[in-house]
$ cat model_20.cif   # mmCIF, C-alpha atoms
data_input
loop_
_atom_site.label_atom_id
_atom_site.label_comp_id
_atom_site.auth_asym_id
_atom_site.auth_seq_id
_atom_site.Cartn_x
_atom_site.Cartn_y
_atom_site.Cartn_z
CA MET A 1 -8.06 24.15 -0.37
CA LYS A 2 -7.02 20.51 -0.37
CA VAL A 3 -6.64 18.38 2.77
CA LEU A 4 -4.90 15.05 2.30
CA GLY A 5 -6.46 12.33 4.45
CA LEU A 6 -4.35 9.40 5.56
CA SER A 7 -5.82 6.48 7.51
CA GLY A 8 -3.42 4.40 9.58
CA SER A 9 -5.64 1.35 9.11
CA LEU A 10 -5.65 -1.01 6.15
CA ARG A 11 -8.87 -2.76 7.21
CA ARG A 12 -11.65 -2.59 4.60
CA ASP A 13 -14.25 -1.47 7.17
CA SER A 14 -11.85 0.69 9.15
CA HIS A 15 -13.36 2.96 11.78
CA ASN A 16 -10.54 5.45 11.15
CA THR A 17 -11.17 5.60 7.42
CA ARG A 18 -14.87 6.19 8.17
CA LEU A 19 -13.89 8.92 10.65
CA LEU A 20 -11.77 10.59 7.94
CA ARG A 21 -14.61 10.47 5.44
CA GLY A 22 -16.97 11.92 8.03
CA ALA A 23 -14.46 14.67 8.78
CA GLY A 24 -14.40 15.49 5.09
CA GLU A 25 -18.11 16.26 5.28
CA LEU A 26 -17.46 18.79 8.07
CA LEU A 27 -14.85 20.77 6.12
CA ALA A 28 -15.71 24.29 5.04
CA PRO A 29 -17.11 24.55 1.48
CA GLU A 30 -13.81 25.86 0.10
CA ALA A 31 -11.97 22.74 1.25
CA GLU A 32 -11.99 19.15 0.06
CA LEU A 33 -10.64 15.98 1.63
CA VAL A 34 -8.69 13.67 -0.68
CA LEU A 35 -7.89 10.24 0.75
CA PHE A 36 -4.59 8.50 0.02
CA GLU A 37 -5.55 4.87 -0.41
CA ARG A 38 -2.27 3.15 -1.32
CA LEU A 39 -0.75 2.77 2.15
CA ALA A 40 -0.70 -1.03 1.81
CA GLU A 41 1.50 -0.73 -1.30
CA ILE A 42 4.34 1.09 0.46
CA PRO A 43 7.20 -1.36 1.04
CA PRO A 44 9.26 -1.42 4.23
CA TYR A 45 11.54 1.60 4.43
CA ASN A 46 15.05 0.89 3.15
CA GLU A 47 17.61 3.67 2.98
CA ASP A 48 19.30 1.86 0.07
CA ALA A 49 16.14 2.41 -2.00
CA GLU A 50 15.72 6.12 -1.16
CA HIS A 51 16.90 7.33 -4.56
CA GLU A 52 14.65 4.98 -6.53
CA LEU A 53 11.34 5.65 -4.85
CA PRO A 54 8.67 2.97 -5.08
CA GLU A 55 5.65 4.24 -7.01
CA ALA A 56 3.32 4.38 -3.99
CA VAL A 57 5.90 6.38 -2.01
CA ALA A 58 6.38 8.83 -4.87
CA GLU A 59 2.61 9.20 -5.12
CA LEU A 60 2.29 9.87 -1.38
CA LYS A 61 5.08 12.46 -1.48
CA ALA A 62 3.40 14.19 -4.43
CA ALA A 63 0.00 14.09 -2.69
CA ILE A 64 1.44 15.69 0.44
CA ALA A 65 3.30 18.31 -1.58
CA SER A 66 0.14 19.30 -3.47
CA ALA A 67 -2.04 19.40 -0.33
CA ASP A 68 -2.54 22.46 1.82
CA ALA A 69 -2.80 20.32 4.97
CA VAL A 70 -2.67 16.72 6.15
CA LEU A 71 -5.21 14.97 8.37
CA ILE A 72 -4.27 11.58 9.79
CA ALA A 73 -6.71 9.22 11.52
CA THR A 74 -4.94 6.46 13.36
CA PRO A 75 -5.95 3.39 15.30
CA GLU A 76 -3.72 2.15 18.11
CA TYR A 77 -1.82 -1.11 17.82
CA ASN A 78 -0.05 -2.32 20.96
CA ALA A 79 -0.16 1.15 22.51
CA SER A 80 1.47 2.86 19.53
CA ILE A 81 1.33 3.81 15.84
CA PRO A 82 0.37 1.11 13.35
CA GLY A 83 3.50 -0.13 11.58
CA VAL A 84 2.22 0.73 8.09
CA LEU A 85 1.62 4.36 9.08
CA LYS A 86 5.02 4.73 10.78
CA ASN A 87 6.68 3.12 7.77
CA ALA A 88 5.00 5.58 5.38
CA LEU A 89 6.09 8.51 7.56
CA ASP A 90 9.65 7.16 7.61
CA TRP A 91 9.68 7.18 3.77
CA ILE A 92 8.23 10.70 3.68
CA SER A 93 10.85 11.99 6.12
CA ARG A 94 13.74 11.24 3.75
CA PRO A 95 15.67 13.09 2.66
CA PHE A 96 14.92 15.47 5.52
CA ALA A 97 15.87 18.62 3.59
CA THR A 98 13.19 17.98 0.97
CA THR A 99 10.38 16.31 2.90
CA PRO A 100 6.99 17.58 1.68
CA LEU A 101 5.86 17.66 5.32
CA MET A 102 8.26 20.50 6.22
CA GLY A 103 6.05 23.28 7.61
CA LYS A 104 2.88 21.55 6.35
CA PRO A 105 -0.10 21.98 8.69
CA ALA A 106 -1.09 18.56 10.06
CA ALA A 107 -3.60 17.20 12.54
CA VAL A 108 -4.05 13.76 14.07
CA ILE A 109 -7.34 12.21 15.15
CA GLY A 110 -8.20 8.63 15.98
CA THR A 111 -10.61 6.04 17.14
CA SER A 112 -10.37 2.51 18.46
CA THR A 113 -12.66 -0.17 19.79
CA GLY A 114 -11.01 0.11 23.21
CA LEU A 115 -11.81 2.67 25.88
CA PHE A 116 -8.99 5.12 25.21
CA GLY A 117 -9.62 5.98 21.56
CA ALA A 118 -6.07 5.62 20.28
CA VAL A 119 -4.80 8.43 22.51
CA TRP A 120 -1.25 7.01 22.70
CA ALA A 121 -1.06 6.42 18.95
CA GLN A 122 -2.20 9.99 18.34
CA ALA A 123 0.48 11.36 20.67
CA GLU A 124 3.17 9.24 19.01
CA THR A 125 2.01 10.25 15.52
CA ARG A 126 2.09 13.95 16.46
CA LYS A 127 5.62 13.44 17.82
CA VAL A 128 6.79 11.76 14.59
CA LEU A 129 5.16 14.44 12.40
CA GLY A 130 6.77 17.19 14.46
CA THR A 131 10.17 15.52 14.23
CA ILE A 132 9.78 15.38 10.45
CA GLY A 133 9.04 19.12 10.40
CA ALA A 134 5.26 19.33 10.01
CA ALA A 135 3.36 22.16 11.71
CA VAL A 136 1.34 19.84 13.95
CA LEU A 137 -1.77 20.97 15.79
CA ASP A 138 -1.49 20.33 19.51
CA ARG A 139 -4.91 18.69 19.70
CA GLU A 140 -6.13 15.17 20.11
CA LEU A 141 -9.47 13.56 19.43
CA PRO A 142 -9.61 10.17 21.13
CA ILE A 143 -12.84 8.37 20.33
CA GLY A 144 -13.09 5.12 22.24
CA GLN A 145 -15.51 2.25 21.66
CA ALA A 146 -15.75 3.08 17.97
CA ASP A 147 -18.44 0.49 17.25
CA GLU A 148 -20.89 2.52 19.33
CA ALA A 149 -19.28 5.98 19.23
CA LEU A 150 -19.38 6.55 15.46
CA ARG A 151 -22.46 7.06 13.36
CA GLU A 152 -22.82 5.28 10.02
CA ASP A 153 -21.39 8.37 8.26
CA GLY A 154 -18.23 8.15 10.40
CA LEU A 155 -18.96 11.18 12.56
CA PRO A 156 -19.00 10.94 16.36
CA ARG A 157 -22.39 10.49 18.03
CA GLU A 158 -21.42 12.54 21.11
CA ARG A 159 -21.89 16.29 20.70
CA GLU A 160 -18.60 17.09 22.50
CA ALA A 161 -16.59 14.82 20.22
CA LEU A 162 -18.30 16.23 17.13
CA GLU A 163 -17.54 19.78 18.30
CA ALA A 164 -13.90 18.84 19.02
CA LEU A 165 -13.56 17.34 15.53
CA SER A 166 -15.08 20.45 13.97
CA ALA A 167 -12.75 22.72 15.98
CA THR A 168 -9.74 20.63 14.92
CA LEU A 169 -10.71 20.92 11.27
CA ASP A 170 -11.31 24.66 11.56
CA GLU A 171 -7.89 25.18 13.14
CA LEU A 172 -6.24 22.99 10.51
CA LEU A 173 -7.81 25.06 7.70
CA GLU A 174 -6.85 28.32 9.44
CA ARG A 175 -3.24 27.15 9.64
CA ALA A 176 -3.32 26.07 5.99
CA ALA A 177 -4.73 29.46 4.93
CA GLY A 178 -2.02 31.19 6.97
CA ALA A 179 0.67 29.06 5.34
CA ARG A 180 -0.67 29.99 1.89
CA VAL A 181 -0.47 33.72 2.71
CA ALA A 182 3.06 33.32 4.10
CA ALA A 183 4.20 31.55 0.93
#
$ encode --input "model_20.cif" --output "structure tokens"
Amino acid sequence: MKVLGLSGSLRRDSHNTRLLRGAGELLAPEAELVLFERLAEIPPYNEDAEHELPEAVAELKAAIASADAVLIATPEYNASIPGVLKNALDWISRPFATTPLMGKPAAVIGTSTGLFGAVWAQAETRKVLGTIGAAVLDRELPIGQADEALREDGLPREREALEALSATLDELLERAAGARVAA
């Protein structure tokens, strides 16, 4: 089973990218996390360019289509979704009838250096994914004060946060397995 990981941060030492990699280590043995690492190459969404997809957009669409589930880790910029992540989701949403996110199991997690752990960005990202048609888990994993809250391997230090991350991943894989059976 393949889970596509998408970090909403472009920063080289991103806490959210580390969190995704750590989450990949918690996945069941039959699952693997594959990170999409070309978010910075996606140009601003332009409806005039929809029919001639930029290479990075085409690659992201193909990666989502071939994945069994999507896991997004997002920071919070100005109380919302980072622009690069929202832009990528806008590209993926078009045309709506053929979006690879339609019915795709998806989960959103996040961390930030502030106290609230990107809780608003996670809520906004779940809303956008649901609008696009993804089967979004109604869970959040806000991890605040990322500098102290994450171990070197990207996993949360606090037992409760680690258990919540594990439960989120288990539910995501259960949904993905159910979607496979239904197909």
$ atom_distance --input "model_20.cif" --atom1 "CA of Gly133 in chain A" --atom2 "CA of Trp91 in chain A"
13.7 Å
$ resolve_selection --input "model_20.cif" --expression "the PyMOL selection byres ((chain A and resi 121) around 8)" --output "list in words"
Thr74, Pro75, Glu76, Tyr77, Ala79, Ser80, Ile81, Pro82, Ala118, Val119, Trp120, Gln122, Ala123, Glu124 and Thr125 of chain A
$ closest_residue --input "model_20.cif" --among "A:Ala179, A:Leu150, A:Ala135, A:Leu101" --to "Leu162 in chain A" --atoms "all atoms listed in the file"
A:Leu150
$ residues_around --input "model_20.cif" --residues "Val57 in chain A" --least-positions-apart "6" --cutoff "10 Å" --atoms "only C-alpha atoms" --output "NGL selection string"
:A and (38-39 or 41-43 or 45 or 50 or 63 or 88-89 or 91-92)
$ residues_around --input "model_20.cif" --residues "Leu115 in chain A" --least-positions-apart "4" --cutoff "12 Å" --atoms "all atoms listed in the file" --output "list in words"
Glu76, Thr111, Val119, Trp120, Pro142, Ile143, Gly144, Gln145, Ala146, Asp147, Glu148 and Ala149 of chain A
$ atom_distance --input "model_20.cif" --atom1 "CA of Glu152 in chain A" --atom2 "CA of Glu174 in chain A"
28.0 Å
$ closest_residue --input "model_20.cif" --among "A:Leu35, A:Ala161, A:Ala56, A:Val84" --to "Gly110 in chain A" --atoms "all atoms listed in the file"
A:Ala161
$ closest_residue --input "model_20.cif" --among "A:Val34, A:Leu71, A:Leu141, A:Ile132" --to "Pro105 in chain A" --atoms "all atoms listed in the file"
A:Leu71
$ closest_residue --input "model_20.cif" --among "A:Ala167, A:Phe116, A:Gly154, A:Ala65" --to "Asp13 in chain A" --atoms "all atoms listed in the file"
A:Gly154
$ closest_residue --input "model_20.cif" --among "A:Gly24, A:Gly83, A:Pro29, A:Pro100" --to "Ala62 in chain A" --atoms "only C-alpha atoms"
A:Pro100
$ residues_around --input "model_20.cif" --residues "Met1 in chain A" --least-positions-apart "2" --cutoff "8 Å" --atoms "all atoms listed in the file" --output "mmCIF file with C-alpha atoms, keeping the file's coordinate frame"
data_model
loop_
_atom_site.group_PDB
_atom_site.id
_atom_site.type_symbol
_atom_site.label_atom_id
_atom_site.label_comp_id
_atom_site.auth_asym_id
_atom_site.auth_seq_id
_atom_site.Cartn_x
_atom_site.Cartn_y
_atom_site.Cartn_z
ATOM 1 C CA VAL A 3 -6.640 18.380 2.770
ATOM 2 C CA GLU A 30 -13.810 25.860 0.100
ATOM 3 C CA ALA A 31 -11.970 22.740 1.250
ATOM 4 C CA GLU A 32 -11.990 19.150 0.060
ATOM 5 C CA ALA A 67 -2.040 19.400 -0.330
ATOM 6 C CA ASP A 68 -2.540 22.460 1.820
#
$ decode --input "model_20.cif" --residues "range 54-82 of chain A" --atoms "N, CA and C atoms" --output "CSV table (one decimal), in the first residue's frame"
chain,number,residue,atom,x,y,z
A,54,PRO,N,1.9,21.9,-16.3
A,54,PRO,CA,3.4,22.0,-16.0
A,54,PRO,C,3.8,20.6,-15.5
A,55,GLU,N,5.1,20.3,-15.8
A,55,GLU,CA,5.6,18.9,-15.5
A,55,GLU,C,5.4,18.5,-14.0
A,56,ALA,N,5.7,19.5,-13.1
A,56,ALA,CA,5.5,19.2,-11.6
A,56,ALA,C,4.1,18.9,-11.3
A,57,VAL,N,3.2,19.6,-11.9
A,57,VAL,CA,1.7,19.4,-11.6
A,57,VAL,C,1.3,18.0,-12.1
A,58,ALA,N,1.7,17.7,-13.3
A,58,ALA,CA,1.4,16.4,-13.9
A,58,ALA,C,2.0,15.2,-13.0
A,59,GLU,N,3.2,15.5,-12.5
A,59,GLU,CA,3.8,14.5,-11.7
A,59,GLU,C,3.0,14.3,-10.4
A,60,LEU,N,2.6,15.4,-9.8
A,60,LEU,CA,1.8,15.3,-8.6
A,60,LEU,C,0.5,14.6,-8.8
A,61,LYS,N,-0.2,15.0,-9.9
A,61,LYS,CA,-1.5,14.3,-10.2
A,61,LYS,C,-1.2,12.8,-10.3
A,62,ALA,N,-0.2,12.4,-11.0
A,62,ALA,CA,0.1,11.0,-11.2
A,62,ALA,C,0.5,10.3,-9.9
A,63,ALA,N,1.2,11.0,-9.0
A,63,ALA,CA,1.6,10.4,-7.7
A,63,ALA,C,0.3,10.2,-6.9
A,64,ILE,N,-0.6,11.2,-6.9
A,64,ILE,CA,-1.8,11.0,-6.1
A,64,ILE,C,-2.7,9.9,-6.7
A,65,ALA,N,-2.8,9.8,-8.0
A,65,ALA,CA,-3.6,8.8,-8.7
A,65,ALA,C,-3.0,7.4,-8.3
A,66,SER,N,-1.7,7.2,-8.3
A,66,SER,CA,-1.1,5.9,-8.0
A,66,SER,C,-1.0,5.6,-6.5
A,67,ALA,N,-1.3,6.5,-5.6
A,67,ALA,CA,-1.3,6.3,-4.2
A,67,ALA,C,-2.6,5.7,-3.7
A,68,ASP,N,-2.5,5.0,-2.6
A,68,ASP,CA,-3.8,4.5,-2.0
A,68,ASP,C,-4.3,5.5,-1.0
A,69,ALA,N,-3.5,6.4,-0.6
A,69,ALA,CA,-3.9,7.4,0.4
A,69,ALA,C,-2.9,8.6,0.3
A,70,VAL,N,-3.4,9.7,0.9
A,70,VAL,CA,-2.5,10.9,0.9
A,70,VAL,C,-2.4,11.4,2.4
A,71,LEU,N,-1.2,11.7,2.8
A,71,LEU,CA,-0.9,12.3,4.1
A,71,LEU,C,-0.2,13.6,3.9
A,72,ILE,N,-0.9,14.7,4.4
A,72,ILE,CA,-0.3,16.0,4.3
A,72,ILE,C,0.1,16.5,5.7
A,73,ALA,N,1.3,17.0,5.8
A,73,ALA,CA,1.8,17.7,7.0
A,73,ALA,C,2.0,19.2,6.7
A,74,THR,N,1.3,20.0,7.4
A,74,THR,CA,1.3,21.4,7.1
A,74,THR,C,1.7,22.3,8.2
A,75,PRO,N,2.5,23.3,8.0
A,75,PRO,CA,2.7,24.4,8.9
A,75,PRO,C,1.6,25.3,8.8
A,76,GLU,N,1.6,26.4,9.6
A,76,GLU,CA,0.6,27.4,9.6
A,76,GLU,C,1.3,28.8,9.3
A,77,TYR,N,0.8,29.4,8.2
A,77,TYR,CA,1.4,30.7,7.9
A,77,TYR,C,0.2,31.7,8.0
A,78,ASN,N,0.4,32.7,8.9
A,78,ASN,CA,-0.7,33.7,9.0
A,78,ASN,C,-2.0,33.1,9.3
A,79,ALA,N,-2.1,32.1,10.1
A,79,ALA,CA,-3.3,31.5,10.6
A,79,ALA,C,-4.0,30.7,9.5
A,80,SER,N,-3.3,30.2,8.5
A,80,SER,CA,-3.9,29.5,7.4
A,80,SER,C,-2.9,28.6,6.7
A,81,ILE,N,-3.3,28.0,5.6
A,81,ILE,CA,-2.5,27.1,4.7
A,81,ILE,C,-1.4,27.9,4.1
A,82,PRO,N,-0.2,27.3,4.0
A,82,PRO,CA,0.8,27.9,3.2
A,82,PRO,C,0.4,28.0,1.8
